[in-house]
Amino acid sequence: MDIKVNLEGLPLTPEEIESTRGDAAKAMDQLWSGDVPMTGWVKAPMNQDQEMLERILNVADIIRDEAELLLVIGIGGSYMGAKAAIEALPRFEQGTEVRFLGINFCNEYYREILEEVKRKNTIVCAISKSGNTMEIRAALEIIKPVMEEKYGSREEAAKRIIAVTDETSGSLRAEADEMGYVTFPIQGDIGGRFSVLTPVGLLPMAAAGIDIREVLRGAEAVATSPLWDTTAADYAIARYLMNVEKGKAVEAVAFSHSRLAYFGEWLKQLFGESEGKEGKGLWPASLQYSTDLHSMGQFLQQGSPVFFETVVTVEKTDQDIVVPAGPQKGMTLGQLNDAMVRGVIKAHMDGGVPVCEIRIPELNAYTFGQMIYFMEMTCGITAMMLGVNPFDQPGVEDYKREMRKNCGLEG
Ligand code: PA5
């Protein structure tokens with residue numbers, strides 16, 4: 001495992017950390033035991049279904065050959081990981097453009113995408129574990145007539161719709177079976193936000209040209225790393241202690257690599273939906289450096305002390321752009337970025353802001369897979385230490401029920 005965590009900037013003593021190691025180990029044992037529902041993701045990197053992987057790669061090849069646009073219809077855990085990967089990673093070969101629908105009910109956003117579908121050769125991929133989510137149902141119903149018109153018939157449109165959903169239940173499964181869509185199953189014991197490394201995330205990533213075998217290899221490297229027992233659970237322990245013992249309500253996760261901006265969004269979903277329940281948990285915020293230093297930086301330095309900061313940096317980046325003149329003459333952007341990160345960590349710590357550091361050696365499919373699994377495991381451990389179930393979302397279900405009622409549907 002190549003991810004490094006540095007807790008020296010947090011007000012935690014070695015004794016405090018040591019005293020909670022037992023609880024973290026217990027949480028990890030539970031996650032690995034196979035006895036806790038919805039923990040299928042824990043062993044998934046080692047137990048890859050090779051046949052399924054081949055099928056994903058084959059379908060992705062077809063998408064890349066035949067489509068200029070892959071329109072992914074999904075929300076929450078059914079799209080955020082794929083979007084994070086696509087924004088973070090360089091493509092290993094020419095990929096299809098991927099756009100996302102069903103992520104809002106915004107007329108203007110839809111209009112723009114519908115126009116694009118009319119212009120571009122399109123394949124649609126509807127992703128929903130439950131198969132019943134309102135955003136997804138609405139998006140699919142809106143897109144179908146556009147596809148039918150474009151490709152001449154219901155049957156021709158159906159050939160260009162893929163469904164990733166539960167193996168047996170839900171209205172998307174029923175429709176896919178009836179219409180003969182190409183389908184991929186979502187394992188029953190893996191929930192939405194923990195499903196990036198299943199067809200949910202892997203198919204759009206592969207269609208975009210990302211080397212998904214490398215992503216999976218990275219996840220496996222973390223899952224099988226002995227470092228979990230010594231250093232890697234530290235991040236979960238620190239998050240737990242900063243929340244419960246030090247009274248911090250917010251974790252501001254700051255990224256100094258612009259390609260990780262959407263990874264921050266994915267992380268907010270993972271941590272927020274998994275940990276924020278029963279009046280507990282850290283509110284996960286994400287920041288972009290240096291942009292946010294010129295806005296939220298003021299609050300971070302001197303505002304209400306409700307948070308601690310986690311700074312995520314990528315150690316090796318391209319160094320080919322050099323400032324040609326002026327006071328920074330001769331410095332690369334990478335050097336300036338380092339100077340900024342070191343400066344901000346020092347200023348914040350001097351100002352009393354607790355800072356945790358996470359370092360990734362470089363950004364590629366392998367390390368991205370590591371980050372996904374690392375954060376999923378961190379989340380599972382922290383939530384279990386907090387005593388909440390990381391794998392349900394009763395609050396989200398409440399909103400879904402109320403919305404259904406507002407639409408005159410069964411609650
Ligand atoms: O993490 C989760 O479980 C949620 O964010 C879901 O992914 C989201 O609500 C979408 O649900 P579904 O995949 O059933 O459409």
# chains A, B, ... in the order shown; residues from 1 in each chain; ligands from 1
>>> residues_near_ligand(ligand="ligand 1", cutoff="7 Å", atoms="only C-alpha atoms and all ligand atoms", output="number ranges by chain")
A: 74-78, 127-133, 136, 191-194, 273, 393
>>> residues_around(residues="Lys346 of chain A", least_positions_apart="6", cutoff="12 Å", atoms="only C-alpha atoms", output="PyMOL selection string")
chain A and resi 8-9+301+311+339-340+352-357
>>> closest_residue(among="A:Asn6, A:Thr122, A:Thr39, A:Gln94", to="Asp61 of chain A", atoms="only C-alpha atoms")
A:Gln94
>>> residues_around(residues="Tyr373 of chain A", least_positions_apart="4", cutoff="8 Å", atoms="only C-alpha atoms", output="PyMOL selection string")
chain A and resi 219+222-223+369+377
>>> write_last_selection(atoms="N, CA and C atoms", output="PDB file, in the first residue's frame")
ATOM      1  N   ALA A 219      -6.855  -1.607  -5.398  1.00  0.00           N
ATOM      2  CA  ALA A 219      -7.751  -1.904  -4.268  1.00  0.00           C
ATOM      3  C   ALA A 219      -7.272  -3.170  -3.558  1.00  0.00           C
ATOM      4  N   VAL A 222      -4.313  -2.672  -1.208  1.00  0.00           N
ATOM      5  CA  VAL A 222      -4.656  -2.136   0.120  1.00  0.00           C
ATOM      6  C   VAL A 222      -5.334  -3.209   0.959  1.00  0.00           C
ATOM      7  N   ALA A 223      -6.272  -3.928   0.339  1.00  0.00           N
ATOM      8  CA  ALA A 223      -7.030  -4.933   1.095  1.00  0.00           C
ATOM      9  C   ALA A 223      -6.110  -6.001   1.682  1.00  0.00           C
ATOM     10  N   GLY A 369      -7.349   3.180  -7.279  1.00  0.00           N
ATOM     11  CA  GLY A 369      -7.984   1.998  -6.684  1.00  0.00           C
ATOM     12  C   GLY A 369      -7.627   1.876  -5.206  1.00  0.00           C
ATOM     13  N   MET A 377     -12.676   1.471   3.616  1.00  0.00           N
ATOM     14  CA  MET A 377     -12.345   0.771   4.859  1.00  0.00           C
ATOM     15  C   MET A 377     -12.296   1.754   6.036  1.00  0.00           C
TER      16      MET A 377
END
>>> residues_around(residues="Ala207 of chain A", least_positions_apart="2", cutoff="7 Å", atoms="only C-alpha atoms", output="list in words")
Ala60, Asp61, Ile63, Arg64, Gly95, Thr96, Leu203, Pro204, Met205 and Gly209 of chain A
>>> write_last_selection(atoms="all heavy atoms", output="compact mmCIF listing (two decimals), in the first residue's frame")
# COMPACT_ATOMS: atom_id res chain seq x y z
N ALA A 60 -17.46 -2.58 -22.80
CA ALA A 60 -16.80 -1.26 -22.86
C ALA A 60 -16.14 -1.06 -24.22
O ALA A 60 -16.17 0.04 -24.79
CB ALA A 60 -15.77 -1.13 -21.74
N ASP A 61 -15.56 -2.14 -24.77
CA ASP A 61 -14.95 -2.05 -26.12
C ASP A 61 -16.02 -1.67 -27.14
O ASP A 61 -15.80 -0.82 -28.01
CB ASP A 61 -14.37 -3.41 -26.55
CG ASP A 61 -12.99 -3.63 -25.94
OD1 ASP A 61 -12.42 -2.66 -25.41
OD2 ASP A 61 -12.51 -4.78 -25.97
N ILE A 63 -18.82 -0.14 -26.58
CA ILE A 63 -19.24 1.26 -26.36
C ILE A 63 -18.23 2.20 -27.02
O ILE A 63 -18.58 3.14 -27.73
CB ILE A 63 -19.37 1.58 -24.84
CG1 ILE A 63 -20.49 0.76 -24.21
CG2 ILE A 63 -19.60 3.08 -24.62
CD1 ILE A 63 -20.55 0.82 -22.68
N ARG A 64 -16.94 1.92 -26.79
CA ARG A 64 -15.91 2.81 -27.36
C ARG A 64 -15.92 2.79 -28.89
O ARG A 64 -15.67 3.80 -29.53
CB ARG A 64 -14.53 2.45 -26.81
CG ARG A 64 -14.33 2.93 -25.38
CD ARG A 64 -12.86 3.14 -25.06
NE ARG A 64 -12.11 1.93 -25.31
CZ ARG A 64 -11.99 0.93 -24.44
NH1 ARG A 64 -12.57 1.02 -23.27
NH2 ARG A 64 -11.29 -0.13 -24.74
N GLY A 95 -11.11 7.10 -25.10
CA GLY A 95 -12.35 6.62 -24.49
C GLY A 95 -13.55 7.38 -24.99
O GLY A 95 -13.42 8.42 -25.64
N THR A 96 -14.72 6.83 -24.68
CA THR A 96 -15.97 7.50 -25.04
C THR A 96 -16.26 8.58 -23.99
O THR A 96 -16.00 8.38 -22.80
CB THR A 96 -17.10 6.46 -25.05
OG1 THR A 96 -16.87 5.58 -26.15
CG2 THR A 96 -18.47 7.08 -25.19
N LEU A 203 -17.88 -0.30 -15.31
CA LEU A 203 -18.30 -0.21 -16.72
C LEU A 203 -18.10 1.22 -17.28
O LEU A 203 -17.45 1.38 -18.32
CB LEU A 203 -19.74 -0.70 -16.89
CG LEU A 203 -20.27 -0.63 -18.32
CD1 LEU A 203 -19.46 -1.53 -19.26
CD2 LEU A 203 -21.75 -1.01 -18.38
N PRO A 204 -18.62 2.26 -16.58
CA PRO A 204 -18.37 3.60 -17.13
C PRO A 204 -16.87 3.94 -17.18
O PRO A 204 -16.42 4.56 -18.13
CB PRO A 204 -19.10 4.53 -16.15
CG PRO A 204 -20.08 3.68 -15.44
CD PRO A 204 -19.54 2.29 -15.43
N MET A 205 -16.12 3.49 -16.16
CA MET A 205 -14.68 3.78 -16.18
C MET A 205 -14.03 3.15 -17.42
O MET A 205 -13.26 3.79 -18.12
CB MET A 205 -13.98 3.17 -14.95
CG MET A 205 -14.16 3.92 -13.66
SD MET A 205 -13.06 3.14 -12.42
CE MET A 205 -14.15 3.08 -11.02
N GLY A 209 -12.14 4.62 -20.97
CA GLY A 209 -10.75 4.33 -21.33
C GLY A 209 -9.82 4.15 -20.14
O GLY A 209 -8.60 4.15 -20.28
>>> atom_distance(atom1="atom CA of Gly395 of chain A", atom2="atom CA of Lys83 of chain A")
24.1 Å
>>> closest_residue(among="A:Met134, A:Val196, A:Lys405, A:Val124", to="Ala158 of chain A", atoms="only C-alpha atoms")
A:Val124
>>> residues_around(residues="Ser169 of chain A", least_positions_apart="3", cutoff="12 Å", atoms="only C-alpha atoms", output="short mmCIF file (atom, residue, chain, number, x, y, z; two decimals) with all heavy atoms, in the first residue's frame")
data_model
loop_
_atom_site.label_atom_id
_atom_site.label_comp_id
_atom_site.auth_asym_id
_atom_site.auth_seq_id
_atom_site.Cartn_x
_atom_site.Cartn_y
_atom_site.Cartn_z
N SER A 128 -28.94 1.51 -11.15
CA SER A 128 -29.69 1.71 -9.91
C SER A 128 -29.80 0.38 -9.19
O SER A 128 -30.31 -0.59 -9.73
CB SER A 128 -31.10 2.24 -10.23
OG SER A 128 -31.86 2.33 -9.05
N LYS A 129 -29.29 0.36 -7.96
CA LYS A 129 -29.34 -0.88 -7.18
C LYS A 129 -30.79 -1.28 -6.93
O LYS A 129 -31.20 -2.40 -7.18
CB LYS A 129 -28.58 -0.66 -5.87
CG LYS A 129 -28.68 -1.78 -4.85
CD LYS A 129 -27.57 -2.77 -5.03
CE LYS A 129 -27.84 -4.07 -4.31
NZ LYS A 129 -27.12 -4.28 -3.10
N SER A 130 -31.56 -0.31 -6.43
CA SER A 130 -32.96 -0.62 -6.12
C SER A 130 -33.79 -0.75 -7.39
O SER A 130 -34.77 -1.47 -7.44
CB SER A 130 -33.56 0.49 -5.25
OG SER A 130 -33.59 1.71 -5.98
N GLY A 131 -33.39 0.00 -8.40
CA GLY A 131 -34.14 0.01 -9.65
C GLY A 131 -35.39 0.86 -9.58
O GLY A 131 -36.13 0.98 -10.56
N ASN A 132 -35.61 1.51 -8.45
CA ASN A 132 -36.87 2.25 -8.28
C ASN A 132 -36.66 3.73 -7.98
O ASN A 132 -37.63 4.44 -7.75
CB ASN A 132 -37.67 1.65 -7.11
CG ASN A 132 -38.05 0.20 -7.37
OD1 ASN A 132 -38.28 -0.18 -8.52
ND2 ASN A 132 -38.08 -0.61 -6.33
N VAL A 164 -27.65 -1.65 -15.17
CA VAL A 164 -26.84 -2.23 -14.08
C VAL A 164 -27.73 -2.13 -12.85
O VAL A 164 -28.04 -1.03 -12.38
CB VAL A 164 -25.52 -1.44 -13.88
CG1 VAL A 164 -24.68 -2.08 -12.79
CG2 VAL A 164 -24.74 -1.37 -15.19
N THR A 165 -28.16 -3.27 -12.35
CA THR A 165 -29.16 -3.24 -11.27
C THR A 165 -29.16 -4.57 -10.52
O THR A 165 -28.37 -5.46 -10.82
CB THR A 165 -30.56 -2.91 -11.86
OG1 THR A 165 -31.48 -2.68 -10.79
CG2 THR A 165 -31.09 -4.01 -12.78
N ASP A 166 -30.03 -4.64 -9.52
CA ASP A 166 -30.14 -5.87 -8.73
C ASP A 166 -30.48 -7.06 -9.65
O ASP A 166 -31.16 -6.88 -10.67
CB ASP A 166 -31.24 -5.69 -7.68
CG ASP A 166 -31.28 -6.85 -6.73
OD1 ASP A 166 -30.51 -6.84 -5.77
OD2 ASP A 166 -32.08 -7.79 -6.97
N LEU A 172 -36.36 -1.49 -12.64
CA LEU A 172 -35.37 -1.44 -13.73
C LEU A 172 -35.06 -2.87 -14.19
O LEU A 172 -34.95 -3.13 -15.39
CB LEU A 172 -34.10 -0.71 -13.28
CG LEU A 172 -32.99 -0.59 -14.32
CD1 LEU A 172 -33.46 0.11 -15.59
CD2 LEU A 172 -31.77 0.15 -13.74
N ARG A 173 -34.93 -3.79 -13.25
CA ARG A 173 -34.69 -5.19 -13.61
C ARG A 173 -35.86 -5.73 -14.44
O ARG A 173 -35.65 -6.37 -15.48
CB ARG A 173 -34.49 -6.01 -12.32
CG ARG A 173 -34.54 -7.51 -12.46
CD ARG A 173 -33.58 -8.07 -13.48
NE ARG A 173 -32.19 -7.81 -13.16
CZ ARG A 173 -31.17 -8.10 -13.98
NH1 ARG A 173 -31.39 -8.64 -15.17
NH2 ARG A 173 -29.94 -7.83 -13.63
N ALA A 174 -37.09 -5.43 -14.00
CA ALA A 174 -38.25 -5.94 -14.73
C ALA A 174 -38.25 -5.41 -16.16
O ALA A 174 -38.46 -6.15 -17.13
CB ALA A 174 -39.53 -5.53 -14.00
N GLU A 175 -37.97 -4.10 -16.29
CA GLU A 175 -37.97 -3.50 -17.63
C GLU A 175 -36.84 -4.07 -18.49
O GLU A 175 -37.03 -4.38 -19.67
CB GLU A 175 -37.80 -1.98 -17.50
CG GLU A 175 -37.72 -1.30 -18.84
CD GLU A 175 -37.62 0.23 -18.73
OE1 GLU A 175 -38.21 0.81 -17.81
OE2 GLU A 175 -36.93 0.82 -19.58
N ALA A 176 -35.66 -4.24 -17.87
CA ALA A 176 -34.51 -4.76 -18.64
C ALA A 176 -34.81 -6.16 -19.16
O ALA A 176 -34.52 -6.48 -20.32
CB ALA A 176 -33.27 -4.77 -17.74
N ASP A 177 -35.44 -6.97 -18.31
CA ASP A 177 -35.75 -8.35 -18.74
C ASP A 177 -36.78 -8.32 -19.88
O ASP A 177 -36.66 -9.04 -20.86
CB ASP A 177 -36.27 -9.17 -17.56
CG ASP A 177 -35.14 -9.48 -16.57
OD1 ASP A 177 -33.96 -9.29 -16.95
OD2 ASP A 177 -35.43 -9.91 -15.44
N PRO A 185 -25.36 -7.39 -13.13
CA PRO A 185 -25.95 -7.42 -11.80
C PRO A 185 -25.11 -6.66 -10.77
O PRO A 185 -23.89 -6.57 -10.91
CB PRO A 185 -25.91 -8.92 -11.46
CG PRO A 185 -24.73 -9.45 -12.20
CD PRO A 185 -24.57 -8.60 -13.45
N ILE A 186 -25.79 -6.10 -9.77
CA ILE A 186 -25.06 -5.53 -8.62
C ILE A 186 -25.22 -6.55 -7.49
O ILE A 186 -26.34 -6.91 -7.12
CB ILE A 186 -25.64 -4.17 -8.18
CG1 ILE A 186 -25.70 -3.20 -9.37
CG2 ILE A 186 -24.79 -3.58 -7.05
CD1 ILE A 186 -26.36 -1.86 -9.06
N GLN A 187 -24.09 -6.97 -6.98
CA GLN A 187 -24.08 -7.96 -5.90
C GLN A 187 -25.01 -7.53 -4.77
O GLN A 187 -24.95 -6.37 -4.34
CB GLN A 187 -22.65 -8.02 -5.36
CG GLN A 187 -22.12 -9.38 -5.01
CD GLN A 187 -20.64 -9.27 -4.65
OE1 GLN A 187 -19.82 -8.91 -5.49
NE2 GLN A 187 -20.32 -9.56 -3.40
N GLY A 188 -25.84 -8.46 -4.27
CA GLY A 188 -26.81 -8.13 -3.23
C GLY A 188 -26.19 -7.56 -1.97
O GLY A 188 -26.79 -6.70 -1.30
#
>>> residues_around(residues="Gln370 of chain A", least_positions_apart="6", cutoff="8 Å", atoms="only C-alpha atoms", output="PDB file with all heavy atoms, in the first residue's frame")
ATOM      1  N   MET A   1       0.841  -1.197   0.000  1.00  0.00           N
ATOM      2  CA  MET A   1       0.000   0.000   0.000  1.00  0.00           C
ATOM      3  C   MET A   1       0.874   1.244   0.000  1.00  0.00           C
ATOM      4  O   MET A   1       1.808   1.342   0.779  1.00  0.00           O
ATOM      5  CB  MET A   1      -0.892  -0.005   1.251  1.00  0.00           C
ATOM      6  CG  MET A   1      -1.882   1.114   1.262  1.00  0.00           C
ATOM      7  SD  MET A   1      -2.939   1.085   2.707  1.00  0.00           S
ATOM      8  CE  MET A   1      -1.902   1.871   3.901  1.00  0.00           C
ATOM      9  N   ASP A   2       0.561   2.191  -0.884  1.00  0.00           N
ATOM     10  CA  ASP A   2       1.436   3.359  -1.043  1.00  0.00           C
ATOM     11  C   ASP A   2       0.907   4.623  -0.361  1.00  0.00           C
ATOM     12  O   ASP A   2       1.542   5.667  -0.418  1.00  0.00           O
ATOM     13  CB  ASP A   2       1.600   3.665  -2.543  1.00  0.00           C
ATOM     14  CG  ASP A   2       2.206   2.489  -3.279  1.00  0.00           C
ATOM     15  OD1 ASP A   2       3.208   1.953  -2.785  1.00  0.00           O
ATOM     16  OD2 ASP A   2       1.666   2.094  -4.323  1.00  0.00           O
ATOM     17  N   ILE A   3      -0.264   4.529   0.239  1.00  0.00           N
ATOM     18  CA  ILE A   3      -0.840   5.739   0.847  1.00  0.00           C
ATOM     19  C   ILE A   3      -0.209   5.951   2.225  1.00  0.00           C
ATOM     20  O   ILE A   3      -0.096   5.007   3.002  1.00  0.00           O
ATOM     21  CB  ILE A   3      -2.367   5.581   0.999  1.00  0.00           C
ATOM     22  CG1 ILE A   3      -2.996   5.365  -0.373  1.00  0.00           C
ATOM     23  CG2 ILE A   3      -2.988   6.768   1.703  1.00  0.00           C
ATOM     24  CD1 ILE A   3      -4.400   4.808  -0.315  1.00  0.00           C
ATOM     25  N   VAL A 215      -7.088  -0.416 -11.522  1.00  0.00           N
ATOM     26  CA  VAL A 215      -7.870   0.111 -10.384  1.00  0.00           C
ATOM     27  C   VAL A 215      -8.095  -1.020  -9.378  1.00  0.00           C
ATOM     28  O   VAL A 215      -7.876  -0.857  -8.168  1.00  0.00           O
ATOM     29  CB  VAL A 215      -9.227   0.687 -10.875  1.00  0.00           C
ATOM     30  CG1 VAL A 215     -10.101   1.090  -9.698  1.00  0.00           C
ATOM     31  CG2 VAL A 215      -9.007   1.873 -11.810  1.00  0.00           C
ATOM     32  N   GLY A 218      -5.007  -2.007  -7.485  1.00  0.00           N
ATOM     33  CA  GLY A 218      -4.728  -1.058  -6.404  1.00  0.00           C
ATOM     34  C   GLY A 218      -5.574  -1.347  -5.172  1.00  0.00           C
ATOM     35  O   GLY A 218      -5.077  -1.357  -4.039  1.00  0.00           O
ATOM     36  N   ALA A 219      -6.855  -1.607  -5.398  1.00  0.00           N
ATOM     37  CA  ALA A 219      -7.751  -1.904  -4.268  1.00  0.00           C
ATOM     38  C   ALA A 219      -7.272  -3.170  -3.558  1.00  0.00           C
ATOM     39  O   ALA A 219      -7.226  -3.230  -2.319  1.00  0.00           O
ATOM     40  CB  ALA A 219      -9.178  -2.084  -4.777  1.00  0.00           C
ATOM     41  N   GLU A 220      -6.874  -4.157  -4.342  1.00  0.00           N
ATOM     42  CA  GLU A 220      -6.421  -5.418  -3.744  1.00  0.00           C
ATOM     43  C   GLU A 220      -5.140  -5.200  -2.931  1.00  0.00           C
ATOM     44  O   GLU A 220      -4.958  -5.792  -1.863  1.00  0.00           O
ATOM     45  CB  GLU A 220      -6.189  -6.457  -4.853  1.00  0.00           C
ATOM     46  CG  GLU A 220      -5.834  -7.811  -4.271  1.00  0.00           C
ATOM     47  CD  GLU A 220      -5.721  -8.907  -5.327  1.00  0.00           C
ATOM     48  OE1 GLU A 220      -6.024  -8.640  -6.513  1.00  0.00           O
ATOM     49  OE2 GLU A 220      -5.325 -10.022  -4.947  1.00  0.00           O
ATOM     50  N   ALA A 221      -4.267  -4.324  -3.431  1.00  0.00           N
ATOM     51  CA  ALA A 221      -3.011  -4.066  -2.716  1.00  0.00           C
ATOM     52  C   ALA A 221      -3.297  -3.519  -1.320  1.00  0.00           C
ATOM     53  O   ALA A 221      -2.611  -3.858  -0.345  1.00  0.00           O
ATOM     54  CB  ALA A 221      -2.153  -3.089  -3.509  1.00  0.00           C
ATOM     55  N   VAL A 222      -4.313  -2.672  -1.208  1.00  0.00           N
ATOM     56  CA  VAL A 222      -4.656  -2.136   0.120  1.00  0.00           C
ATOM     57  C   VAL A 222      -5.334  -3.209   0.959  1.00  0.00           C
ATOM     58  O   VAL A 222      -4.995  -3.415   2.129  1.00  0.00           O
ATOM     59  CB  VAL A 222      -5.567  -0.888  -0.014  1.00  0.00           C
ATOM     60  CG1 VAL A 222      -6.041  -0.429   1.356  1.00  0.00           C
ATOM     61  CG2 VAL A 222      -4.831   0.228  -0.717  1.00  0.00           C
TER      62      VAL A 222
END
>>> closest_residue(among="A:Leu336, A:Leu260, A:Val42, A:Ala285", to="Leu197 of chain A", atoms="only C-alpha atoms")
A:Val42
>>> residues_around(residues="Glu251 of chain A", least_positions_apart="6", cutoff="9 Å", atoms="only C-alpha atoms", output="number ranges by chain")
A: 239, 242-243, 282-286, 306-310
>>> write_last_selection(atoms="all heavy atoms", output="mmCIF file, in the first residue's frame")
data_model
loop_
_atom_site.group_PDB
_atom_site.id
_atom_site.type_symbol
_atom_site.label_atom_id
_atom_site.label_comp_id
_atom_site.auth_asym_id
_atom_site.auth_seq_id
_atom_site.Cartn_x
_atom_site.Cartn_y
_atom_site.Cartn_z
ATOM 1 N N ARG A 239 -10.005 10.153 12.974
ATOM 2 C CA ARG A 239 -11.297 10.764 12.688
ATOM 3 C C ARG A 239 -12.250 10.542 13.853
ATOM 4 O O ARG A 239 -12.992 11.428 14.273
ATOM 5 C CB ARG A 239 -11.892 10.182 11.391
ATOM 6 C CG ARG A 239 -11.032 10.461 10.161
ATOM 7 C CD ARG A 239 -11.631 9.891 8.884
ATOM 8 N NE ARG A 239 -12.810 10.624 8.500
ATOM 9 C CZ ARG A 239 -14.039 10.114 8.488
ATOM 10 N NH1 ARG A 239 -14.226 8.843 8.811
ATOM 11 N NH2 ARG A 239 -15.064 10.854 8.138
ATOM 12 N N MET A 242 -11.004 12.712 16.865
ATOM 13 C CA MET A 242 -11.217 14.150 16.662
ATOM 14 C C MET A 242 -12.696 14.501 16.844
ATOM 15 O O MET A 242 -13.034 15.568 17.347
ATOM 16 C CB MET A 242 -10.744 14.589 15.275
ATOM 17 C CG MET A 242 -9.237 14.555 15.079
ATOM 18 S SD MET A 242 -8.308 15.462 16.325
ATOM 19 C CE MET A 242 -8.760 17.140 15.965
ATOM 20 N N ASN A 243 -13.556 13.585 16.474
ATOM 21 C CA ASN A 243 -14.999 13.809 16.604
ATOM 22 C C ASN A 243 -15.461 13.604 18.054
ATOM 23 O O ASN A 243 -15.995 14.512 18.692
ATOM 24 C CB ASN A 243 -15.714 12.840 15.646
ATOM 25 C CG ASN A 243 -17.219 13.046 15.574
ATOM 26 O OD1 ASN A 243 -17.963 12.108 15.362
ATOM 27 N ND2 ASN A 243 -17.688 14.260 15.741
ATOM 28 N N LEU A 282 -18.902 13.051 11.715
ATOM 29 C CA LEU A 282 -18.259 14.280 11.249
ATOM 30 C C LEU A 282 -18.953 14.730 9.973
ATOM 31 O O LEU A 282 -19.232 13.902 9.106
ATOM 32 C CB LEU A 282 -16.800 13.989 10.869
ATOM 33 C CG LEU A 282 -15.788 13.764 11.986
ATOM 34 C CD1 LEU A 282 -14.549 13.065 11.417
ATOM 35 C CD2 LEU A 282 -15.408 15.091 12.631
ATOM 36 N N TRP A 283 -19.187 16.021 9.848
ATOM 37 C CA TRP A 283 -19.700 16.553 8.579
ATOM 38 C C TRP A 283 -18.504 16.628 7.626
ATOM 39 O O TRP A 283 -17.537 17.346 7.879
ATOM 40 C CB TRP A 283 -20.299 17.954 8.794
ATOM 41 C CG TRP A 283 -20.684 18.657 7.531
ATOM 42 C CD1 TRP A 283 -19.889 19.454 6.763
ATOM 43 C CD2 TRP A 283 -21.966 18.643 6.893
ATOM 44 N NE1 TRP A 283 -20.591 19.924 5.679
ATOM 45 C CE2 TRP A 283 -21.878 19.438 5.739
ATOM 46 C CE3 TRP A 283 -23.183 18.031 7.189
ATOM 47 C CZ2 TRP A 283 -22.938 19.646 4.869
ATOM 48 C CZ3 TRP A 283 -24.255 18.232 6.324
ATOM 49 C CH2 TRP A 283 -24.134 19.033 5.184
ATOM 50 N N PRO A 284 -18.533 15.889 6.502
ATOM 51 C CA PRO A 284 -17.382 15.942 5.605
ATOM 52 C C PRO A 284 -17.507 17.102 4.625
ATOM 53 O O PRO A 284 -18.504 17.215 3.914
ATOM 54 C CB PRO A 284 -17.448 14.588 4.874
ATOM 55 C CG PRO A 284 -18.882 14.167 4.959
ATOM 56 C CD PRO A 284 -19.562 14.923 6.061
ATOM 57 N N ALA A 285 -16.496 17.951 4.620
ATOM 58 C CA ALA A 285 -16.469 19.057 3.652
ATOM 59 C C ALA A 285 -15.284 18.814 2.721
ATOM 60 O O ALA A 285 -14.333 18.137 3.099
ATOM 61 C CB ALA A 285 -16.281 20.373 4.388
ATOM 62 N N SER A 286 -15.338 19.339 1.491
ATOM 63 C CA SER A 286 -14.148 19.201 0.652
ATOM 64 C C SER A 286 -13.741 20.555 0.101
ATOM 65 O O SER A 286 -14.583 21.419 -0.157
ATOM 66 C CB SER A 286 -14.362 18.179 -0.464
ATOM 67 O OG SER A 286 -15.154 18.714 -1.482
ATOM 68 N N VAL A 306 -14.617 24.592 14.631
ATOM 69 C CA VAL A 306 -15.446 23.375 14.694
ATOM 70 C C VAL A 306 -14.843 22.218 13.903
ATOM 71 O O VAL A 306 -15.374 21.122 13.901
ATOM 72 C CB VAL A 306 -16.869 23.638 14.138
ATOM 73 C CG1 VAL A 306 -17.649 24.547 15.052
ATOM 74 C CG2 VAL A 306 -16.804 24.206 12.715
ATOM 75 N N PHE A 307 -13.751 22.473 13.201
ATOM 76 C CA PHE A 307 -13.268 21.446 12.277
ATOM 77 C C PHE A 307 -11.810 21.078 12.499
ATOM 78 O O PHE A 307 -11.063 21.780 13.180
ATOM 79 C CB PHE A 307 -13.432 21.935 10.835
ATOM 80 C CG PHE A 307 -12.697 23.212 10.578
ATOM 81 C CD1 PHE A 307 -11.361 23.183 10.230
ATOM 82 C CD2 PHE A 307 -13.332 24.438 10.741
ATOM 83 C CE1 PHE A 307 -10.673 24.349 10.041
ATOM 84 C CE2 PHE A 307 -12.642 25.606 10.547
ATOM 85 C CZ PHE A 307 -11.302 25.569 10.202
ATOM 86 N N PHE A 308 -11.428 19.959 11.887
ATOM 87 C CA PHE A 308 -10.012 19.698 11.649
ATOM 88 C C PHE A 308 -9.864 19.502 10.145
ATOM 89 O O PHE A 308 -10.856 19.322 9.436
ATOM 90 C CB PHE A 308 -9.502 18.496 12.459
ATOM 91 C CG PHE A 308 -9.949 17.152 11.964
ATOM 92 C CD1 PHE A 308 -9.118 16.366 11.175
ATOM 93 C CD2 PHE A 308 -11.203 16.644 12.294
ATOM 94 C CE1 PHE A 308 -9.514 15.110 10.717
ATOM 95 C CE2 PHE A 308 -11.611 15.398 11.841
ATOM 96 C CZ PHE A 308 -10.767 14.632 11.051
ATOM 97 N N GLU A 309 -8.629 19.568 9.704
ATOM 98 C CA GLU A 309 -8.383 19.572 8.271
ATOM 99 C C GLU A 309 -7.606 18.313 7.877
ATOM 100 O O GLU A 309 -6.702 17.893 8.599
ATOM 101 C CB GLU A 309 -7.531 20.809 7.977
ATOM 102 C CG GLU A 309 -7.441 21.215 6.556
ATOM 103 C CD GLU A 309 -6.581 22.481 6.427
ATOM 104 O OE1 GLU A 309 -6.163 23.055 7.446
ATOM 105 O OE2 GLU A 309 -6.313 22.877 5.292
ATOM 106 N N THR A 310 -7.980 17.723 6.754
ATOM 107 C CA THR A 310 -7.204 16.606 6.207
ATOM 108 C C THR A 310 -6.709 17.047 4.840
ATOM 109 O O THR A 310 -7.519 17.334 3.953
ATOM 110 C CB THR A 310 -8.082 15.343 6.090
ATOM 111 O OG1 THR A 310 -8.490 14.965 7.403
ATOM 112 C CG2 THR A 310 -7.310 14.189 5.443
#
>>> closest_residue(among="A:Val344, A:Asp318, A:Met28, A:Glu87", to="Thr332 of chain A", atoms="only C-alpha atoms")
A:Asp318
